[in-house]
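Report on the structure given below.
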Amino acid sequence: MPGLQVFPVPGLPEITPGADLAEMIVAAASAAGTPLASGDVVIITSKIVSKAEGRTVELADVDVSPFARQYAEKWEKDPAVIEIVLREARRVVRQVGPVLITETHHGFVCANSGVDQSSSGAHGRAVLLPEDPDASARGYRDAFRAAGLDIAVIVSDTFGRPWREAQTDIAIGIAGMNPVYSYIGQVDPHGHEFRVQVLCHADELAGAAELVKGNISRVPVAVIRGHQWEPDEDATMKLVLRESERDLFR
């Protein structure tokens, strides 16, 4: 069976609002000697998507509510960051000591609404998740297509998981490919019919891409070649968001 190739796209500069990420990624991949090709999956770290879309906040400009200030003082947090986290949340799922697990407006359940200060581009600046990661991914896919490339796009971010320590990269936005692969109705070599097994290939690809990106390497984009993805022009990560009434862990 053919294997997969996973390689980084180095050489991207600090991303600023309005940056044409698709054009920059095509140029950087070519400069690195690994030009993009149709059939590739391009995984883009959400942080640079947010920067290009202007989804950053200067902490000094945040009007902090009394609740955010009180909570921050109690747990030695930055009150401006807490205020942003609460604004980005649809609801607080768990609040245990200094830990805030929220559901974002997108429907993602994660720590601190995905708000992050690392690699933000400046001290005292926070980066928010993209407003609509699926729409962002579609925009990049369209731009690659305009350059003659049929490429699936995943926007990724780092999330924790219930019952497990440490984090992994997962997909929060997708375009061009079905995010899941269903084994339901198929039969294993011993005659067992699968009834529930559906794998989230989008998350698996995002996790694999992180192995060549990392958090401090300044490589926010990776390419996976050789994965036989199922085309889907209506793809969305909403497909994998479990409804609250079916979520046993909330």
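Following the order of the structure tokens, chains are lettered A, B, ..., residues in each are numbered from 1, and ligands are numbered from 1.
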Please report, as number ranges by chain, each residue of segment 52-243 of chain A to which DSSP assigns helix (DSSP H, G or I) when run on this structure's backbone.
-> A: 52, 59-61, 66-75, 79-87, 112-114, 133-146, 201-213, 237-240
Sort by chain and increasing residue number a table of all residues of segment 97-177 of chain A within 10 Å of segment 190-206 of chain A, each with its closest pair of atoms and their distance in Å to one decimal, counting only C-alpha atoms, and write it as JSON lines.
```
{"residue": "A:Val153", "atom": "CA", "partner": "A:Ala202", "partner_atom": "CA", "distance": 9.5}
{"residue": "A:Ile154", "atom": "CA", "partner": "A:Ala202", "partner_atom": "CA", "distance": 7.1}
{"residue": "A:Val155", "atom": "CA", "partner": "A:Ala206", "partner_atom": "CA", "distance": 8.1}
{"residue": "A:Ser156", "atom": "CA", "partner": "A:Ala206", "partner_atom": "CA", "distance": 6.0}
{"residue": "A:Asp157", "atom": "CA", "partner": "A:Ala206", "partner_atom": "CA", "distance": 8.3}
{"residue": "A:Thr158", "atom": "CA", "partner": "A:Ala206", "partner_atom": "CA", "distance": 9.3}
{"residue": "A:Thr168", "atom": "CA", "partner": "A:Ala206", "partner_atom": "CA", "distance": 8.6}
{"residue": "A:Asp169", "atom": "CA", "partner": "A:Ala206", "partner_atom": "CA", "distance": 5.6}
{"residue": "A:Ile170", "atom": "CA", "partner": "A:Asp203", "partner_atom": "CA", "distance": 4.5}
{"residue": "A:Ala171", "atom": "CA", "partner": "A:Asp203", "partner_atom": "CA", "distance": 5.0}
{"residue": "A:Ile172", "atom": "CA", "partner": "A:Asp203", "partner_atom": "CA", "distance": 8.5}
{"residue": "A:Gly173", "atom": "CA", "partner": "A:Ala202", "partner_atom": "CA", "distance": 9.0}
{"residue": "A:Ile174", "atom": "CA", "partner": "A:Ala202", "partner_atom": "CA", "distance": 7.8}
{"residue": "A:Met177", "atom": "CA", "partner": "A:Ala202", "partner_atom": "CA", "distance": 8.6}
```
Non-local contacts of segment 135-148 of chain A (9 Å; only C-alpha atoms; under 4 positions in same chain excluded) as a ChimeraX atom specification = /A:21-23,26,38,44,49,53,130-131,152-155,173-176,233,236
Excluding Gln167 of chain A and any residue of its chain fewer than 3 positions from it, enumerate the residues within 12 Å of it, using only C-alpha atoms, and give them as a PyMOL selection string.
-> chain A and resi 110-111+157-164+170+207+210+215
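Atom CA of Ser65 of chain A is positioned 16.7 Å from atom CA of Arg90 of chain A.
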Residues within 9 Å of Val62 of chain A, only C-alpha atoms, excluding chain neighbours under 2 positions, as number ranges by chain = A: 57-60, 64, 80-81, 83-84
DSSP-assigned strand (DSSP E) members of segment 1-201 of chain A, reported as number ranges by chain = A: 5-8, 41-45, 56-58, 89-96, 99-104, 109-111, 125-127, 152-161, 164-177, 181-182, 198-199
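Of the listed residues A:Gln5, A:Thr16, A:Ser113, A:Ser119, the one whose atoms come nearest to Val99 of chain A is A:Ser113, with distances taken using only C-alpha atoms.
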Interatomic distance between atom CA of Val6 of chain A and atom CA of Val223 of chain A?
-> 5.7 Å
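Going from atom CA of Val219 of chain A to atom CA of Val9 of chain A covers 6.4 Å.
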Residues near Leu36 of chain A, cut-off 10 Å, only C-alpha atoms, skip fewer than 5 positions along chain, as a PyMOL selection string | chain A and resi 9+25-30+41-42+144+149-151+223-225
Do a neighbour search on Arg91 of chain A at 7 Å with only C-alpha atoms, toss out local chain neighbours closer than 2 positions, and write the hits as a ChimeraX atom specification.
-> /A:89,93,102-103
Dump as a PDB file, in the first residue's frame, selection limited to N, CA and C atoms:
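This is the output file part_12.pdb:
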```
ATOM      1  N   ALA A  89     -17.423  32.908  24.599  1.00  0.00           N
ATOM      2  CA  ALA A  89     -18.110  31.684  25.022  1.00  0.00           C
ATOM      3  C   ALA A  89     -19.615  31.790  24.821  1.00  0.00           C
ATOM      4  N   VAL A  93     -18.978  25.559  30.408  1.00  0.00           N
ATOM      5  CA  VAL A  93     -19.310  24.147  30.626  1.00  0.00           C
ATOM      6  C   VAL A  93     -18.843  23.690  32.004  1.00  0.00           C
ATOM      7  N   THR A 102     -15.172  26.052  28.221  1.00  0.00           N
ATOM      8  CA  THR A 102     -16.308  26.769  27.642  1.00  0.00           C
ATOM      9  C   THR A 102     -16.745  26.125  26.339  1.00  0.00           C
ATOM     10  N   GLU A 103     -17.963  26.443  25.951  1.00  0.00           N
ATOM     11  CA  GLU A 103     -18.435  26.128  24.606  1.00  0.00           C
ATOM     12  C   GLU A 103     -18.403  27.421  23.806  1.00  0.00           C
TER      13      GLU A 103
END
```
Which of A:Ile82, A:Val109, A:Leu100, A:Ile216 sits closest to Ala126 of chain A [using only C-alpha atoms] | A:Ile82
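You can rank A:Arg55, A:Arg218, A:Arg246, A:Lys77 by their closest distance to Asp132 of chain A using only C-alpha atoms, and at the top of that list sits A:Arg55.
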